[in-house]
Amino acid sequence: GKNKRIWTEEEDDVLIEVFKDLMIGGTSFKADNGFKPGFLNTVEEALRAKLPGSGLKAVPHINSRFRHFKGVHSIIHDMVVGNCTSGFGWDSELKTVVAEKEVWRTYLKHHPNASDWRGKPCPYYEDLCIIFGKDRAAGQDAQGPEDIEDEVNKKDENDEATKKDAPESSSTQEPSERVETSSVRSGKRARISENLVKGLSEVASILGREIRAASSEISRAVGFDVELSEKRSKLNQELSVLGLTTMERHRATRKIASEPKTIDVFCRIPDAEKKEWVQALLRGDI
């Protein structure tokens, strides 16, 4: 809509650093149920100081980008360390998800959104694990800082409404009625538990079949292009000796590794010219 904004790589770099500082710094905004109120406004103030003139606002800009990065972390996390996935790994040098072709094919049938990260580097994933890791482990992926602030306000309003509307407590219920009610509830809980056990057994059976089928397919799968894989594995090592900053190296890794032709060009350039070529690539001159 009218508030849509294209973020630059520099803005993303700074935003991620600010998120990390607020998560692990002395004044952490992390809370048991997500993020403390005021988180977005604090990020806005930090970006105003680090990126003067950017015009980035807590809502909609920062909140929207926050949710974007949370979604990215969720997708990659489910592949790399998810309980129901196997065959995926994380290349910390190339900053990419790695897997055999058949593993990708099987997984993408049920998770098409993950296709964005097939062969595409995500230089921020390890940072996103610091920012969102605890939320993911606690199953709080749908909740962001704006949700927390809304909940605080709604909770206060609901508490007041409950006090006004609550009926007077009654102590006139007969003992026999209380016993009967308790018995009915116990029966319901037993039926729910029985259904839950049956459901879990069915899920386990389905997962077992899926895993066996996937294992059979993986055994027949064709591996990655060996030559391209070797070039990618050496890319970060070669960039690390060029005297680039950490962020320049991450951005260069993402740009070069995403295109096989670009990797070939980089490998053919004389070592003495590689730094100048990489810096020109980051500026968009080539």
# chains A, B, ... in the order shown; residues from 1 in each chain; ligands from 1
$ residues_around --residues "Ile6 in chain A" --least-positions-apart "3" --cutoff "12 Å" --atoms "only C-alpha atoms" --output "ChimeraX atom specification"
/A:2-3,9-12,54,56,61-62,64-65
$ closest_atom_pairs --of "range 56-92 of chain A" --to "range 108-112 of chain A" --cutoff "12 Å" --atoms "only C-alpha atoms" --output "JSON lines"
{"residue": "A:Ile75", "atom": "CA", "partner": "A:His111", "partner_atom": "CA", "distance": 8.9}
{"residue": "A:Ile76", "atom": "CA", "partner": "A:His111", "partner_atom": "CA", "distance": 11.2}
{"residue": "A:Asp78", "atom": "CA", "partner": "A:His111", "partner_atom": "CA", "distance": 10.2}
{"residue": "A:Met79", "atom": "CA", "partner": "A:His111", "partner_atom": "CA", "distance": 9.8}
{"residue": "A:Thr85", "atom": "CA", "partner": "A:His111", "partner_atom": "CA", "distance": 11.3}
$ closest_residue --among "A:Thr42, A:Thr246, A:Thr253, A:Ser74" --to "Lys234 in chain A" --atoms "only C-alpha atoms"
A:Thr253
$ closest_residue --among "A:Gly87, A:Gly71, A:Gly55, A:Gly243" --to "Phe132 in chain A" --atoms "only C-alpha atoms"
A:Gly71
$ closest_residue --among "A:Gly119, A:Pro52, A:Pro270, A:Pro60" --to "Leu40 in chain A" --atoms "only C-alpha atoms"
A:Pro60
$ atom_distance --atom1 "CA of Phe35 in chain A" --atom2 "CA of Ile130 in chain A"
13.8 Å
$ residues_around --residues "range 260-269 of chain A" --least-positions-apart "5" --cutoff "8 Å" --atoms "only C-alpha atoms" --output "MDAnalysis selection string"
chainID A and resid 228 231:232 274
$ write_last_selection --atoms "C-alpha atoms" --output "mmCIF file, in the first residue's frame"
data_model
loop_
_atom_site.group_PDB
_atom_site.id
_atom_site.type_symbol
_atom_site.label_atom_id
_atom_site.label_comp_id
_atom_site.auth_asym_id
_atom_site.auth_seq_id
_atom_site.Cartn_x
_atom_site.Cartn_y
_atom_site.Cartn_z
ATOM 1 C CA LEU A 228 30.145 -25.015 -7.987
ATOM 2 C CA LYS A 231 33.856 -22.653 -5.338
ATOM 3 C CA ARG A 232 31.170 -21.563 -2.882
ATOM 4 C CA LYS A 274 39.642 -8.864 -6.365
#
$ closest_residue --among "A:Thr8, A:Ser258, A:Thr245, A:Asn236" --to "Ser92 in chain A" --atoms "only C-alpha atoms"
A:Asn236
$ closest_residue --among "A:Lys57, A:Lys50, A:His250, A:Lys70" --to "Gly133 in chain A" --atoms "only C-alpha atoms"
A:Lys70
$ atom_distance --atom1 "CA of Asp127 in chain A" --atom2 "CA of Val43 in chain A"
16.3 Å
$ select_by_dssp --residues "range 49-148 of chain A" --states "strand (DSSP E)" --output "MDAnalysis selection string"
chainID A and resid 89:91 96:98
